[in-house]
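Contents: one structure, followed by commentary.
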2 protein chains.
Amino acid sequence: MSTIPQIVRSVAEVRSTVGSARAAGATIGLVPTMGALHEGHLSLIRRARAETGFVVVSIFVNPAQFGPYEDLSRYPRPFDDDVRQCRASGVDLVFAPEPGTIYPPGFSSFVTVEGLSDRLEGVFRPGHFRGVATVVLKLFNIVAPDIAYFGQKDAQQSRVIQRMVGDLDLPVTVRVCPTVREPDGLAMSSRNVYLNPDERKRALSLSRSLRAAADAIAAGDRDANSVRQKMRAVLESAPVVVDYAELVDPATFEPITRITGTVLSVVAARVDATRLIDNLPIELPKGFVFSL
Amino acid sequence: MSTIPQIVRSVAEVRSTVGSARAAGATIGLVPTMGALHEGHLSLIRRARAETGFVVVSIFVNPAQFGPYEDLSRYPRPFDDDVRQCRASGVDLVFAPEPGTIYPPGFSSFVTVEGLSDRLEGVFRPGHFRGVATVVLKLFNIVAPDIAYFGQKDAQQSRVIQRMVGDLDLPVTVRVCPTVREPDGLAMSSRNVYLNPDERKRALSLSRSLRAAADAIAAGDRDANSVRQKMRAVLESAPVVVDYAELVDPATFEPITRITGTVLSVVAARVDATRLIDNLPIELPKGFVFSL
């Protein structure tokens with residue numbers, strides 16, 4: 001008896017199973033994850049379920065995107081629970097390879113998206129986006145999805161993937177889906193489980209700093225430096241340790257100085273040992289554009 | 001009336017034409033070239049013609065694989081003659097994109113094969129293999145060939161491609177086909193047209209140095225350093241300016257010291273303004289293996 005979702009460890013088996021689905025006329029959706037699934041991941045899976053005929057979720061805690069002092073070893077791996085959530089969401093196949101399957105001995109090919117990968121997260125996590133781009137390219141080559149789903153929560157990652165897909169002519173559509181938040185505004189993250197109750201409270205300052213930026217812009221502030229200072233004030237009063245709190249161009253992630261159109265407000269901060277990120281696209285209120 | 005081969009400049013048109021051939025049941029062969037086709041390229045095309053149902057030749061002088069002081073601007077581009085040769089060889093489609101099609105403004109994604117790309121050619125042509133790997137990955141994504149054909153003449157390039165294909169799970173078979181030589185031993189190269197009669201004579205020293213290495217090993221020499229010196233003596237008496245003359249491991253391109261199995265003899269030298277490369281795989285004579 002075959003179980004749904006099918007749990008597959010090998011590249012060859014993914015290819016043959018997905019190939020059969022494709023031959024039967026199904027379009028293929030891929031949701032790449034590191035497991036520890038939460039409502040954010042499930043929103044991607046639901047979108048994939050609605051748009052494609054065969055939904056693959058990959059679960060792989062990718063060593064190549066962790067720095068030497070990061071949380072690779074303690075990253076949560078509730079595999080059985082992840083599979084249950086995949087089953088409840090109608091996932092067809094879970095691809096859960098061993099690290100040695102993805103990075104066999106002698107592995108030495110990497111994709112880099114220059115410029116974009118060097119800013120913000122790239123400053124604090126050198127090599128992170130190289131690891132992300134490389135594993136995503138491999139997953140695309142293994143699964144050959146028609147549509148792949150990523151979260152706006154990891155905005156810079158999503159942009160790196162979009163840039164890679166465009167630059168390298170990958171035949172896949174990338175969908176970036178909205179951030180899912182807890183009722184109090186905290187962005188869903190697999191790392192939220194690290195937070196004790198006090199840290200959980202202070203972690204709220206990230207989404208609040210983004211809200212402060214949006215409020216300042218809605219109130220007419222067009223000086224990015226001034227808006228940045230308002231973000232920092234919220235974060236530092238929590239307190240959390242700020243890695244960055246910026247307004248950037250949503251396409252290039254370069255910092256802006258004057259706000260003249262849609263900007264992306266981005267923040268990364270450490271709540272004791274837990275590093276969190278969040279972001280919010282902010283559009284100019286209608287009418288303001290012409291009053292500048 | 002449609003002409004054969006079809007000459008295509010856009011990615012979308014390649015995809016639709018190749019897609020139709022695939023849908024009609026044909027397997028796809030790709031011969032990536034920089035044009036200036038010679039008998040070496042034609043041997044790859046014939047192999048593709050024999051093994052696949054639809055043969056694509058790409059003609060693209062790839063700026064990303066040339067250094068700032070190299071011969072990008074004077075590289076030969078006899079396009080009409082290339083197309084005639086493709087027609088005579090039964091090529092179905094020639095993909096000849098403009099540089100701006102392959103590298104549009106803002107292009108910033110690159111593939112690197114670490115280690116292998118840093119040795120030999122990589123030392124003398126920094127960034128060369130990054131440019132090669134990136135354009136080949138793009139061509140693979142655009143054409144989606146079942147089999148792609150490369151020449152042993154560019155041994156290190158072929159190895160970089162094989163490594164990339166394995167590491168990144170690309171669904172393509174790589175065929176490396178034997179070097180084609182002039183009757184006197186000179187390896188076919190698009191750059192041979194640069195040589196005047198005197199340089200043409202001195203250029204023979206490359207293949208002769210490889211022959212000297214094979215002769216020395218056949219005669220029992222197992223010391224790589226001693227063999228290297230014999231290669232250099234041939235080259236320096238031509239004279240040509242030696243970039244490298246090495247015995248390396250055919251898989252890793254790392255230099256070897258004792259010859260205990262198949263080695264790759266590789267040479268790069270400058271004949272006045274023209275830089276040439278050549279190589280020869282050398283197997284140990286049978287019986288010798290056991291006498292070491």
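Each chain in the structure tokens gets a letter, A, B, ..., in the order shown, and its residues are numbered from 1; ligands are numbered from 1 in order too.
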
Using DSSP on the backbone coordinates, identify the residues of region 73-265 of chain B assigned to strand (DSSP E); present them as number ranges by chain. B: 93-95, 109-113, 147-151, 173-177, 241-248, 263-265

Over every C-alpha pair, in sequence order, do a least-squares fit of chain A onto chain B and save the fitted chain as a compact mmCIF listing (two decimals) with C-alpha atoms, in the first residue's frame.
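Saved result, superposed27.txt, follows:
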```txt
# COMPACT_ATOMS: atom_id res chain seq x y z
CA MET A 1 9.89 28.30 -46.86
CA SER A 2 11.86 27.25 -43.84
CA THR A 3 15.60 26.82 -44.23
CA ILE A 4 17.73 24.16 -42.58
CA PRO A 5 19.36 24.82 -40.22
CA GLN A 6 16.93 27.27 -38.70
CA ILE A 7 18.90 30.26 -37.36
CA VAL A 8 17.46 31.48 -34.09
CA ARG A 9 18.42 34.53 -32.03
CA SER A 10 15.90 34.44 -29.16
CA VAL A 11 15.55 32.19 -26.15
CA ALA A 12 11.79 31.89 -26.61
CA GLU A 13 12.14 30.72 -30.20
CA VAL A 14 14.76 28.11 -29.28
CA ARG A 15 12.47 26.81 -26.55
CA SER A 16 9.43 26.55 -28.81
CA THR A 17 11.32 24.95 -31.73
CA VAL A 18 13.21 22.47 -29.56
CA GLY A 19 10.02 21.83 -27.58
CA SER A 20 8.19 20.86 -30.77
CA ALA A 21 10.96 18.46 -31.75
CA ARG A 22 10.88 16.90 -28.30
CA ALA A 23 7.10 16.62 -28.36
CA ALA A 24 7.46 14.79 -31.68
CA GLY A 25 9.64 12.25 -29.92
CA ALA A 26 13.14 13.43 -30.82
CA THR A 27 16.03 13.38 -28.38
CA ILE A 28 17.98 16.64 -28.36
CA GLY A 29 21.73 17.01 -28.94
CA LEU A 30 23.60 20.24 -28.19
CA VAL A 31 27.04 21.24 -29.45
CA PRO A 32 28.02 24.51 -27.73
CA THR A 33 30.58 26.47 -29.78
CA MET A 34 32.04 29.94 -30.20
CA GLY A 35 31.81 29.52 -33.97
CA ALA A 36 34.82 29.52 -36.31
CA LEU A 37 33.98 25.86 -36.78
CA HIS A 38 36.71 23.40 -37.68
CA GLU A 39 36.98 19.66 -38.06
CA GLY A 40 36.98 19.27 -34.25
CA HIS A 41 33.55 20.89 -33.96
CA LEU A 42 32.32 18.90 -36.97
CA SER A 43 33.31 15.66 -35.26
CA LEU A 44 31.10 16.65 -32.31
CA ILE A 45 28.25 17.54 -34.66
CA ARG A 46 28.54 14.19 -36.45
CA ARG A 47 28.45 12.37 -33.13
CA ALA A 48 25.36 14.37 -32.11
CA ARG A 49 23.75 13.67 -35.51
CA ALA A 50 24.36 9.93 -34.99
CA GLU A 51 23.07 9.82 -31.42
CA THR A 52 20.18 12.28 -31.25
CA GLY A 53 17.14 13.20 -33.31
CA PHE A 54 17.45 16.99 -33.25
CA VAL A 55 20.85 18.69 -33.30
CA VAL A 56 21.34 22.21 -31.95
CA VAL A 57 24.63 24.07 -32.45
CA SER A 58 25.05 27.22 -30.42
CA ILE A 59 27.38 29.88 -31.79
CA PHE A 60 28.21 32.48 -29.18
CA VAL A 61 31.54 34.18 -28.53
CA ASN A 62 31.07 34.36 -24.79
CA PRO A 63 32.49 37.60 -23.33
CA ALA A 64 32.33 36.19 -19.79
CA GLN A 65 35.07 33.66 -20.48
CA PHE A 66 37.58 36.17 -21.89
CA GLY A 67 39.93 38.17 -19.67
CA PRO A 68 40.36 41.93 -20.19
CA TYR A 69 43.59 41.51 -22.20
CA GLU A 70 42.52 38.49 -24.21
CA ASP A 71 41.37 38.14 -27.81
CA LEU A 72 37.60 38.70 -27.49
CA SER A 73 37.48 41.49 -30.09
CA ARG A 74 39.61 39.73 -32.69
CA TYR A 75 38.24 36.21 -32.14
CA PRO A 76 37.22 34.95 -35.61
CA ARG A 77 33.51 35.20 -36.43
CA PRO A 78 32.97 33.67 -39.92
CA PHE A 79 29.25 33.30 -39.30
CA ASP A 80 28.03 32.60 -42.84
CA ASP A 81 30.68 29.96 -43.32
CA ASP A 82 29.78 28.39 -39.95
CA VAL A 83 26.14 28.16 -41.02
CA ARG A 84 27.15 26.53 -44.30
CA GLN A 85 29.14 23.91 -42.40
CA CYS A 86 26.20 23.32 -40.07
CA ARG A 87 23.92 22.87 -43.08
CA ALA A 88 26.32 20.39 -44.68
CA SER A 89 26.48 18.46 -41.39
CA GLY A 90 22.72 18.16 -40.97
CA VAL A 91 22.34 20.54 -38.02
CA ASP A 92 18.68 21.30 -37.30
CA LEU A 93 18.99 24.58 -35.42
CA VAL A 94 21.72 27.17 -34.94
CA PHE A 95 21.27 29.26 -31.81
CA ALA A 96 23.22 32.48 -32.30
CA PRO A 97 22.16 34.93 -29.60
CA GLU A 98 23.37 38.51 -29.22
CA PRO A 99 25.51 39.17 -26.11
CA GLY A 100 22.65 41.25 -24.65
CA THR A 101 20.33 38.25 -24.90
CA ILE A 102 22.66 36.12 -22.80
CA TYR A 103 23.81 38.88 -20.46
CA PRO A 104 21.06 41.49 -20.15
CA PRO A 105 21.68 44.60 -18.02
CA GLY A 106 21.92 43.73 -14.34
CA PHE A 107 23.00 40.15 -14.99
CA SER A 108 24.73 38.95 -11.82
CA SER A 109 24.39 35.16 -11.34
CA PHE A 110 27.41 32.96 -11.88
CA VAL A 111 28.36 29.32 -11.38
CA THR A 112 31.78 28.46 -10.05
CA VAL A 113 33.34 25.02 -9.80
CA GLU A 114 35.80 25.55 -7.01
CA GLY A 115 39.20 23.90 -6.89
CA LEU A 116 39.18 22.51 -10.42
CA SER A 117 38.66 26.03 -11.84
CA ASP A 118 41.56 27.49 -9.93
CA ARG A 119 44.29 25.28 -11.40
CA LEU A 120 46.24 25.45 -14.72
CA GLU A 121 44.03 27.42 -17.14
CA GLY A 122 42.39 29.01 -14.10
CA VAL A 123 45.73 30.44 -12.99
CA PHE A 124 46.43 32.03 -16.36
CA ARG A 125 42.83 32.94 -17.17
CA PRO A 126 41.20 34.05 -13.90
CA GLY A 127 37.41 33.90 -14.18
CA HIS A 128 37.59 31.89 -17.42
CA PHE A 129 35.86 28.78 -16.10
CA ARG A 130 33.28 30.82 -14.23
CA GLY A 131 32.34 32.33 -17.59
CA VAL A 132 32.34 28.93 -19.28
CA ALA A 133 30.29 27.18 -16.59
CA THR A 134 27.77 30.02 -16.46
CA VAL A 135 27.13 30.19 -20.20
CA VAL A 136 26.96 26.40 -20.52
CA LEU A 137 24.46 26.20 -17.67
CA LYS A 138 22.36 28.84 -19.42
CA LEU A 139 22.55 26.97 -22.74
CA PHE A 140 21.50 23.76 -20.96
CA ASN A 141 18.55 25.57 -19.40
CA ILE A 142 17.55 27.16 -22.71
CA VAL A 143 17.96 24.12 -24.99
CA ALA A 144 17.35 21.32 -22.44
CA PRO A 145 19.47 18.81 -24.38
CA ASP A 146 19.54 15.10 -23.61
CA ILE A 147 23.21 14.92 -24.62
CA ALA A 148 25.76 17.74 -24.88
CA TYR A 149 29.06 17.37 -26.72
CA PHE A 150 32.44 18.79 -25.75
CA GLY A 151 35.97 18.27 -27.02
CA GLN A 152 38.83 16.59 -25.18
CA LYS A 153 40.98 19.40 -26.65
CA ASP A 154 39.58 21.63 -23.87
CA ALA A 155 40.10 18.92 -21.27
CA GLN A 156 39.86 21.09 -18.18
CA GLN A 157 36.74 22.81 -19.50
CA SER A 158 35.13 19.44 -20.17
CA ARG A 159 35.96 18.33 -16.65
CA VAL A 160 34.52 21.55 -15.18
CA ILE A 161 31.30 20.94 -17.11
CA GLN A 162 31.12 17.30 -15.96
CA ARG A 163 31.66 18.36 -12.37
CA MET A 164 28.98 21.08 -12.64
CA VAL A 165 26.50 18.66 -14.20
CA GLY A 166 27.06 16.14 -11.42
CA ASP A 167 27.10 18.62 -8.55
CA LEU A 168 24.04 20.56 -9.68
CA ASP A 169 22.00 17.51 -10.75
CA LEU A 170 21.60 18.72 -14.32
CA PRO A 171 19.55 16.23 -16.33
CA VAL A 172 21.97 16.04 -19.26
CA THR A 173 24.56 13.54 -20.44
CA VAL A 174 27.98 15.02 -21.22
CA ARG A 175 30.01 13.41 -24.01
CA VAL A 176 33.68 14.30 -24.30
CA CYS A 177 34.95 13.48 -27.79
CA PRO A 178 38.57 12.95 -28.93
CA THR A 179 40.78 15.81 -30.03
CA VAL A 180 41.01 16.17 -33.82
CA ARG A 181 44.49 16.99 -35.15
CA GLU A 182 46.05 18.25 -38.36
CA PRO A 183 48.10 15.58 -40.19
CA ASP A 184 51.28 16.91 -38.53
CA GLY A 185 49.79 16.67 -35.02
CA LEU A 186 48.67 20.25 -34.31
CA ALA A 187 45.40 20.15 -32.38
CA MET A 188 42.54 21.84 -34.26
CA SER A 189 41.70 25.21 -32.76
CA SER A 190 39.82 28.28 -33.94
CA ARG A 191 42.88 30.23 -32.85
CA ASN A 192 45.19 28.45 -35.32
CA VAL A 193 44.17 31.05 -37.94
CA TYR A 194 46.19 33.60 -35.95
CA LEU A 195 49.46 31.76 -36.74
CA ASN A 196 51.83 32.88 -39.52
CA PRO A 197 53.91 30.15 -41.20
CA ASP A 198 56.81 30.45 -38.75
CA GLU A 199 54.50 30.42 -35.73
CA ARG A 200 52.58 27.50 -37.23
CA LYS A 201 55.83 25.51 -37.27
CA ARG A 202 56.72 26.41 -33.68
CA ALA A 203 53.16 25.60 -32.54
CA LEU A 204 53.89 21.97 -33.36
CA SER A 205 56.03 21.86 -30.24
CA LEU A 206 52.88 21.57 -28.08
CA SER A 207 51.75 18.22 -29.49
CA ARG A 208 55.39 17.12 -29.70
CA SER A 209 55.89 17.83 -26.01
CA LEU A 210 52.88 15.62 -25.23
CA ARG A 211 54.31 12.90 -27.43
CA ALA A 212 57.65 13.24 -25.61
CA ALA A 213 55.82 12.74 -22.31
CA ALA A 214 54.06 9.63 -23.64
CA ASP A 215 57.34 8.25 -25.00
CA ALA A 216 59.16 8.84 -21.71
CA ILE A 217 56.41 7.09 -19.76
CA ALA A 218 56.33 4.21 -22.27
CA ALA A 219 60.10 3.91 -21.81
CA GLY A 220 59.60 3.50 -18.06
CA ASP A 221 59.98 6.99 -16.60
CA ARG A 222 57.68 7.22 -13.54
CA ASP A 223 58.95 10.51 -12.12
CA ALA A 224 56.56 13.27 -13.15
CA ASN A 225 59.19 15.94 -12.65
CA SER A 226 61.56 14.22 -15.02
CA VAL A 227 58.78 13.87 -17.63
CA ARG A 228 57.85 17.53 -17.19
CA GLN A 229 61.45 18.55 -17.92
CA LYS A 230 61.39 16.56 -21.17
CA MET A 231 58.17 18.36 -22.17
CA ARG A 232 59.67 21.75 -21.38
CA ALA A 233 62.83 20.98 -23.36
CA VAL A 234 60.73 20.36 -26.49
CA LEU A 235 58.73 23.56 -25.95
CA GLU A 236 61.66 25.79 -25.15
CA SER A 237 63.64 24.64 -28.19
CA ALA A 238 60.79 25.70 -30.53
CA PRO A 239 60.84 28.27 -28.93
CA VAL A 240 57.46 29.02 -27.38
CA VAL A 241 56.73 30.69 -24.02
CA VAL A 242 55.43 28.01 -21.65
CA ASP A 243 52.51 28.85 -19.34
CA TYR A 244 52.49 25.31 -18.00
CA ALA A 245 53.58 21.81 -19.01
CA GLU A 246 52.26 19.36 -16.47
CA LEU A 247 51.19 15.85 -15.66
CA VAL A 248 47.92 15.93 -13.74
CA ASP A 249 45.24 13.67 -12.35
CA PRO A 250 42.59 13.49 -15.13
CA ALA A 251 39.73 13.91 -12.63
CA THR A 252 41.01 16.66 -10.34
CA PHE A 253 43.70 18.29 -12.51
CA GLU A 254 46.01 18.27 -9.50
CA PRO A 255 49.69 17.80 -10.38
CA ILE A 256 51.07 14.34 -9.69
CA THR A 257 54.55 13.34 -8.59
CA ARG A 258 54.77 9.56 -9.20
CA ILE A 259 53.12 8.05 -12.26
CA THR A 260 51.12 5.05 -11.09
CA GLY A 261 48.16 5.05 -13.47
CA THR A 262 46.55 7.03 -16.27
CA VAL A 263 47.71 10.64 -16.26
CA LEU A 264 46.78 13.65 -18.32
CA SER A 265 49.64 15.49 -19.93
CA VAL A 266 48.62 19.15 -20.39
CA VAL A 267 50.37 22.08 -21.97
CA ALA A 268 49.68 25.78 -22.57
CA ALA A 269 52.12 28.00 -24.40
CA ARG A 270 52.27 31.28 -26.23
CA VAL A 271 53.53 31.36 -29.78
CA ASP A 272 54.20 35.08 -29.97
CA ALA A 273 50.73 36.67 -29.49
CA THR A 274 48.78 33.42 -29.82
CA ARG A 275 48.10 31.31 -26.76
CA LEU A 276 47.47 27.63 -27.47
CA ILE A 277 46.61 24.62 -25.31
CA ASP A 278 46.77 20.89 -25.88
CA ASN A 279 46.62 17.68 -23.85
CA LEU A 280 47.03 13.93 -24.10
CA PRO A 281 45.73 11.21 -21.78
CA ILE A 282 48.57 8.74 -21.20
CA GLU A 283 47.89 5.22 -19.96
CA LEU A 284 50.58 3.08 -18.43
CA PRO A 285 51.68 0.29 -20.77
CA LYS A 286 50.18 -3.04 -19.71
CA GLY A 287 52.48 -5.07 -17.49
CA PHE A 288 54.33 -2.06 -16.14
CA VAL A 289 51.74 -1.53 -13.43
CA PHE A 290 52.89 -4.66 -11.64
CA SER A 291 56.60 -3.99 -11.97
CA LEU A 292 56.58 -0.79 -9.88
```

Using the chain letters and numbers from this document, which residues of region 10-56 of chain A does DSSP assign to helix (DSSP H, G or I), as a compact mmCIF listing (two decimals) with N, CA and C atoms, in the first residue's frame?
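Printed below is part.txt as written:
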```txt
# COMPACT_ATOMS: atom_id res chain seq x y z
N VAL A 11 17.39 11.01 -5.24
CA VAL A 11 17.16 11.85 -6.41
C VAL A 11 16.47 11.05 -7.51
N ALA A 12 16.93 9.82 -7.73
CA ALA A 12 16.36 9.01 -8.81
C ALA A 12 14.88 8.75 -8.57
N GLU A 13 14.52 8.50 -7.32
CA GLU A 13 13.11 8.18 -7.03
C GLU A 13 12.23 9.43 -7.17
N VAL A 14 12.75 10.59 -6.77
CA VAL A 14 11.99 11.83 -7.00
C VAL A 14 11.74 11.99 -8.49
N ARG A 15 12.83 11.83 -9.27
CA ARG A 15 12.70 12.04 -10.72
C ARG A 15 11.67 11.12 -11.33
N SER A 16 11.68 9.83 -10.93
CA SER A 16 10.76 8.89 -11.57
C SER A 16 9.33 9.16 -11.12
N THR A 17 9.14 9.48 -9.84
CA THR A 17 7.77 9.71 -9.35
C THR A 17 7.20 10.99 -9.94
N VAL A 18 7.99 12.07 -9.91
CA VAL A 18 7.52 13.33 -10.48
C VAL A 18 7.33 13.18 -11.99
N GLY A 19 8.24 12.45 -12.61
CA GLY A 19 8.15 12.22 -14.06
C GLY A 19 6.84 11.52 -14.43
N SER A 20 6.43 10.56 -13.62
CA SER A 20 5.16 9.87 -13.89
C SER A 20 3.98 10.82 -13.77
N ALA A 21 4.02 11.66 -12.74
CA ALA A 21 2.93 12.64 -12.55
C ALA A 21 2.87 13.59 -13.75
N ARG A 22 4.04 14.03 -14.20
CA ARG A 22 4.09 14.95 -15.33
C ARG A 22 3.57 14.27 -16.59
N ALA A 23 4.01 13.02 -16.79
CA ALA A 23 3.57 12.28 -17.97
C ALA A 23 2.05 12.09 -17.96
N GLU A 39 2.59 27.80 9.96
CA GLU A 39 1.48 28.29 9.15
C GLU A 39 1.98 29.01 7.88
N GLY A 40 3.17 29.61 7.95
CA GLY A 40 3.75 30.24 6.76
C GLY A 40 3.99 29.22 5.66
N HIS A 41 4.67 28.13 6.03
CA HIS A 41 4.89 27.05 5.04
C HIS A 41 3.54 26.52 4.51
N LEU A 42 2.59 26.33 5.45
CA LEU A 42 1.31 25.73 5.03
C LEU A 42 0.59 26.64 4.04
N SER A 43 0.77 27.95 4.19
CA SER A 43 0.13 28.85 3.22
C SER A 43 0.73 28.66 1.83
N LEU A 44 2.04 28.38 1.77
CA LEU A 44 2.68 28.10 0.48
C LEU A 44 2.16 26.78 -0.10
N ILE A 45 2.03 25.79 0.78
CA ILE A 45 1.56 24.48 0.33
C ILE A 45 0.12 24.58 -0.20
N ARG A 46 -0.70 25.34 0.50
CA ARG A 46 -2.09 25.51 0.03
C ARG A 46 -2.14 26.19 -1.34
N ARG A 47 -1.28 27.19 -1.50
CA ARG A 47 -1.22 27.88 -2.80
C ARG A 47 -0.77 26.89 -3.89
N ALA A 48 0.23 26.09 -3.58
CA ALA A 48 0.71 25.09 -4.54
C ALA A 48 -0.40 24.09 -4.86
N ARG A 49 -1.10 23.65 -3.81
CA ARG A 49 -2.20 22.68 -3.98
C ARG A 49 -3.28 23.26 -4.90
N ALA A 50 -3.53 24.56 -4.78
CA ALA A 50 -4.57 25.20 -5.59
C ALA A 50 -4.13 25.40 -7.04
N GLU A 51 -2.82 25.57 -7.24
CA GLU A 51 -2.36 25.97 -8.58
C GLU A 51 -1.74 24.84 -9.40
```
